[in-house]
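A short write-up of the structure that comes next.
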There are 2 protein chains.
Amino acid sequence: MQKLVVVKIGSGIIDNEDFLEKTLQDFANIEVQKIMVHGGGSLATFYSKKLGLTPQLKDGRRITDAGTLKVTQMVYAGLLNKNIVTKLQYLNCNAIGLSGADANCLLADKRPKTNIDYGFVGDIKHVNSTIFSKLLALGLTPVLCSLTHDGSNQLLNTNADTIAAEVGSALTRYFNIDIYYLFENKGVLNNIADENSLIKKISKTTYLNLLASKKISEGMLPKLHTAFSALDRGVKNVYIAAYDSLNSIFEGNQTGTLLTLK
Amino acid sequence: MQKLVVVKIGSGIIDNEDFLEKTLQDFANIEVQKIMVHGGGSLATFYSKKLGLTPQLKDGRRITDAGTLKVTQMVYAGLLNKNIVTKLQYLNCNAIGLSGADANCLLADKRPKTNIDYGFVGDIKHVNSTIFSKLLALGLTPVLCSLTHDGSNQLLNTNADTIAAEVGSALTRYFNIDIYYLFENKGVLNNIADENSLIKKISKTTYLNLLASKKISEGMLPKLHTAFSALDRGVKNVYIAAYDSLNSIFEGNQTGTLLTLK
């Protein structure tokens, strides 16, 4: 099977023009099939405030009321997605921007109300892997923003890490998949205050030990959980690495954290 | 050759929830290949003002400074395009939203500065008809918002009527093309104050006579010009008609204005 990489870029990259530039250049240069996934960074918060809304987050997830959903549409699918696609086109990468509604590529269920009502937030129930494979076969590079839909005329805000993991897992039917979670730090750190405490490799066993020892930072936990769920479903490797590490990893000089089952 | 219709929906439809609903329902039901083109309606002005910008129009064209371009990205490509795509998906039409940067489908040149500087406004120089035909062959229905790009990392605001005409003309390579300009009125009127003065058919000769007699309203002139330029390049028919006339025209009961060469 052919190789395909899913590259998710974090808020710390989107919010930094130089980081974004470097990441997109490296992404454009990768000579395998590829998909990019992005969220909204701090711009969604910026525009929410400018439009008179009060942004609310709960456990890193945005509470998405109707007004906030409009802002995520505008910022994720409009401003950022088109900026990224336009830049990638300039870099000779034939990008095509997609929300989950486009070509019906990502179907989700609205998260049920429990003690928290997340609002218009969706949990993915189906990745249309066929349409992804067909778009890729046309030489296109999908650039996914973190919006899905429910098939009943409702867009839903969906975590970008999760989208990367779900799309990667679904595409194991057609490709050997690696997922890259790129962000502003070096990778998973043993001590979040010490950049030199990078953990180079985390196997499933190491992961379970780290979980038990409660050594992993709160912010990193959901990302590791999502990554191992993808590995359990056939994704080969997951990297959690710095925005500028794509080239070096491709050249065999791993710089971030590699997550594998074994 | 197969038939394909390009349907451009005007501001008066986008700004009216009921009109938009009816138009999308009828569009979803058309059983031929199809492409939708939309602009931004009054929402771009609304959000420009909300974000502290002062909207400027010149001859019906928006003056697009850097801040305004961001708003058009947000409103056209984010808010409206995704609302339309999500609704069409619900109506069992496999829509895919595109700006001109996506899949490099619409290349434009920034309009040169003359006595007026339109800012980031683009005039189309190339329609990537191949990618349109390939996306259509996948069963997808392109939904184009009125943004193009220059291939050098610049998005450009481009008139939606023109996009419909350019895309329609370029696709005459592959399809028998009809273009529909749908809006809130019945069609081209002899007397703009009298809804019953509908002109049922305008041939090229009639058009030139109407031009000479200066009978056509200012707002309608660029639309007719654009339409006849498309007809000159092989488009079969252009209809200028009401938002709710798509079904009746398809059933052979023409209700708006038909434009043809002869």
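In the structure tokens, each chain is lettered A, B, ... as it comes, each chain's residues begin at 1, and ligands are numbered from 1 in order of appearance.
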Quick one: contact table of chain A to chain B, 7 Å max, nearest atom pair and distance in Å to one decimal per residue, counting only C-alpha atoms, chain and number order, as a tab-separated table?
```
residue	atom	partner	partner_atom	distance
A:Lys50	CA	B:Leu51	CA	6.6
A:Leu51	CA	B:Lys50	CA	6.6
A:Lys70	CA	B:Leu79	CA	6.3
A:Gln73	CA	B:Gly78	CA	4.9
A:Met74	CA	B:Met74	CA	4.1
A:Val75	CA	B:Met74	CA	6.1
A:Ala77	CA	B:Gly78	CA	4.7
A:Gly78	CA	B:Gly78	CA	3.7
A:Leu79	CA	B:Met74	CA	5.2
A:Val85	CA	B:Asp102	CA	6.4
A:Thr86	CA	B:Asn153	CA	5.3
A:Lys87	CA	B:Asn153	CA	5.0
A:Gln89	CA	B:Gly151	CA	6.5
A:Tyr90	CA	B:Ser152	CA	5.1
A:Asn94	CA	B:Ala103	CA	5.6
A:Ala95	CA	B:Ala103	CA	5.6
A:Ile96	CA	B:Asp102	CA	4.4
A:Gly97	CA	B:Asp102	CA	5.9
A:Ala101	CA	B:Thr86	CA	5.4
A:Asp102	CA	B:Ile96	CA	4.4
A:Ala103	CA	B:Ile96	CA	4.9
A:Asn104	CA	B:Asn94	CA	6.7
A:Leu140	CA	B:Ala103	CA	6.6
A:Gly151	CA	B:Tyr90	CA	5.3
A:Ser152	CA	B:Tyr90	CA	5.1
A:Asn153	CA	B:Lys87	CA	4.9
A:Gln154	CA	B:Thr86	CA	6.8
A:Leu155	CA	B:Thr86	CA	6.8
```
Residue set, stretch 57-159 of chain B restricted to alpha helix (DSSP H), as a PyMOL selection string: chain B and resi 66-72+81-90+129-137
Long-range neighbours of stretch 165-175 of chain B as an NGL selection string, 7 Å cut-off, only C-alpha atoms, 2 positions minimum in chain: :B and (1-4 or 6 or 127 or 129 or 161-163 or 177 or 179 or 226-227 or 230 or 233-235)
Selected residues, C-alpha atoms, written as an mmCIF file, in the first residue's frame, please.
```cif
data_model
loop_
_atom_site.group_PDB
_atom_site.id
_atom_site.type_symbol
_atom_site.label_atom_id
_atom_site.label_comp_id
_atom_site.auth_asym_id
_atom_site.auth_seq_id
_atom_site.Cartn_x
_atom_site.Cartn_y
_atom_site.Cartn_z
ATOM 1 C CA MET B 1 -22.841 16.048 -24.837
ATOM 2 C CA GLN B 2 -24.431 15.956 -21.418
ATOM 3 C CA LYS B 3 -26.345 18.926 -20.121
ATOM 4 C CA LEU B 4 -24.944 20.995 -17.258
ATOM 5 C CA VAL B 6 -24.724 26.766 -13.812
ATOM 6 C CA VAL B 127 -10.978 28.334 -15.438
ATOM 7 C CA SER B 129 -12.295 23.077 -16.608
ATOM 8 C CA ASP B 161 -22.122 36.816 -12.227
ATOM 9 C CA THR B 162 -18.769 36.819 -13.999
ATOM 10 C CA ILE B 163 -17.690 33.568 -12.331
ATOM 11 C CA ILE B 177 -24.349 24.588 -20.827
ATOM 12 C CA ILE B 179 -26.725 29.441 -17.141
ATOM 13 C CA THR B 226 -21.814 39.052 -19.093
ATOM 14 C CA ALA B 227 -24.590 36.767 -20.332
ATOM 15 C CA ALA B 230 -21.038 33.618 -22.388
ATOM 16 C CA ARG B 233 -18.490 31.530 -26.294
ATOM 17 C CA GLY B 234 -20.853 28.605 -26.771
ATOM 18 C CA VAL B 235 -23.220 28.656 -23.804
#
```
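Shell of B:Thr158 at 6 Å, with only C-alpha atoms counted and residues fewer than 3 places along the chain excluded, is Val121, Gly122, Ser146 and Leu147 of chain B.
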Test item: residues at most 8 Å from B:Phe183, only C-alpha atoms, excluding those fewer than 6 positions along its chain, as a VMD selection string: chain B and resid 9 to 13 240 to 243
Include all heavy atoms and write out the residues we just selected as a PDB file, in the first residue's frame.
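Output below, filename out-v8.pdb:
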```pdb
ATOM      1  N   ILE B   9     -26.943  32.417  -7.723  1.00  0.00           N
ATOM      2  CA  ILE B   9     -28.004  32.982  -6.893  1.00  0.00           C
ATOM      3  C   ILE B   9     -27.582  34.366  -6.392  1.00  0.00           C
ATOM      4  O   ILE B   9     -26.479  34.570  -5.912  1.00  0.00           O
ATOM      5  CB  ILE B   9     -28.414  32.053  -5.726  1.00  0.00           C
ATOM      6  CG1 ILE B   9     -27.226  31.707  -4.826  1.00  0.00           C
ATOM      7  CG2 ILE B   9     -29.031  30.764  -6.261  1.00  0.00           C
ATOM      8  CD1 ILE B   9     -27.636  30.948  -3.561  1.00  0.00           C
ATOM      9  N   GLY B  10     -28.480  35.298  -6.534  1.00  0.00           N
ATOM     10  CA  GLY B  10     -28.183  36.694  -6.217  1.00  0.00           C
ATOM     11  C   GLY B  10     -28.352  37.028  -4.745  1.00  0.00           C
ATOM     12  O   GLY B  10     -28.864  36.229  -3.954  1.00  0.00           O
ATOM     13  N   SER B  11     -27.930  38.236  -4.419  1.00  0.00           N
ATOM     14  CA  SER B  11     -27.981  38.738  -3.037  1.00  0.00           C
ATOM     15  C   SER B  11     -29.384  38.701  -2.450  1.00  0.00           C
ATOM     16  O   SER B  11     -29.568  38.375  -1.281  1.00  0.00           O
ATOM     17  CB  SER B  11     -27.501  40.186  -2.996  1.00  0.00           C
ATOM     18  OG  SER B  11     -26.170  40.258  -3.369  1.00  0.00           O
ATOM     19  N   GLY B  12     -30.378  39.041  -3.286  1.00  0.00           N
ATOM     20  CA  GLY B  12     -31.753  39.085  -2.807  1.00  0.00           C
ATOM     21  C   GLY B  12     -32.262  37.709  -2.394  1.00  0.00           C
ATOM     22  O   GLY B  12     -33.228  37.609  -1.624  1.00  0.00           O
ATOM     23  N   ILE B  13     -31.636  36.660  -2.901  1.00  0.00           N
ATOM     24  CA  ILE B  13     -31.987  35.299  -2.477  1.00  0.00           C
ATOM     25  C   ILE B  13     -31.248  34.947  -1.196  1.00  0.00           C
ATOM     26  O   ILE B  13     -31.832  34.441  -0.233  1.00  0.00           O
ATOM     27  CB  ILE B  13     -31.654  34.275  -3.587  1.00  0.00           C
ATOM     28  CG1 ILE B  13     -32.488  34.563  -4.838  1.00  0.00           C
ATOM     29  CG2 ILE B  13     -31.873  32.849  -3.100  1.00  0.00           C
ATOM     30  CD1 ILE B  13     -32.172  33.676  -6.032  1.00  0.00           C
ATOM     31  N   ILE B 240     -32.502  34.741 -17.011  1.00  0.00           N
ATOM     32  CA  ILE B 240     -32.519  35.674 -15.889  1.00  0.00           C
ATOM     33  C   ILE B 240     -33.925  35.578 -15.323  1.00  0.00           C
ATOM     34  O   ILE B 240     -34.889  35.955 -15.987  1.00  0.00           O
ATOM     35  CB  ILE B 240     -32.176  37.109 -16.341  1.00  0.00           C
ATOM     36  CG1 ILE B 240     -30.766  37.121 -16.943  1.00  0.00           C
ATOM     37  CG2 ILE B 240     -32.281  38.087 -15.165  1.00  0.00           C
ATOM     38  CD1 ILE B 240     -30.295  38.494 -17.425  1.00  0.00           C
ATOM     39  N   ALA B 241     -34.030  35.007 -14.137  1.00  0.00           N
ATOM     40  CA  ALA B 241     -35.360  34.589 -13.681  1.00  0.00           C
ATOM     41  C   ALA B 241     -35.469  34.621 -12.166  1.00  0.00           C
ATOM     42  O   ALA B 241     -34.481  34.798 -11.450  1.00  0.00           O
ATOM     43  CB  ALA B 241     -35.646  33.176 -14.204  1.00  0.00           C
ATOM     44  N   ALA B 242     -36.694  34.436 -11.698  1.00  0.00           N
ATOM     45  CA  ALA B 242     -36.963  34.488 -10.263  1.00  0.00           C
ATOM     46  C   ALA B 242     -36.423  33.250  -9.543  1.00  0.00           C
ATOM     47  O   ALA B 242     -36.255  32.187 -10.144  1.00  0.00           O
ATOM     48  CB  ALA B 242     -38.462  34.622 -10.015  1.00  0.00           C
ATOM     49  N   TYR B 243     -36.177  33.408  -8.256  1.00  0.00           N
ATOM     50  CA  TYR B 243     -35.610  32.343  -7.406  1.00  0.00           C
ATOM     51  C   TYR B 243     -36.424  31.047  -7.492  1.00  0.00           C
ATOM     52  O   TYR B 243     -35.879  29.965  -7.325  1.00  0.00           O
ATOM     53  CB  TYR B 243     -35.524  32.823  -5.957  1.00  0.00           C
ATOM     54  CG  TYR B 243     -36.879  32.958  -5.295  1.00  0.00           C
ATOM     55  CD1 TYR B 243     -37.405  31.921  -4.528  1.00  0.00           C
ATOM     56  CD2 TYR B 243     -37.649  34.108  -5.471  1.00  0.00           C
ATOM     57  CE1 TYR B 243     -38.657  32.035  -3.953  1.00  0.00           C
ATOM     58  CE2 TYR B 243     -38.896  34.230  -4.898  1.00  0.00           C
ATOM     59  CZ  TYR B 243     -39.400  33.190  -4.150  1.00  0.00           C
ATOM     60  OH  TYR B 243     -40.637  33.299  -3.595  1.00  0.00           O
TER      61      TYR B 243
END
```
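When atom CA of B:Leu221 is paired with atom CA of B:Leu189, their separation reads 11.9 Å.
Here the question is which of B:Ser42, B:Gln25, B:Ser248, B:Ile216 gets nearest to B:Pro55 using only C-alpha atoms, and that residue is B:Ser42.
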Distance query A:Asp26 at most 9 Å, only C-alpha atoms, self and fewer than 6 positions along chain excluded, as a count of residues only: 4
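Take atom CA of B:Tyr118 and atom CA of B:Gly219: the distance between them is 18.7 Å.
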Atom pair atom CA of B:Val238 / atom CA of B:Asp194: separation (Å): 22.2 Å
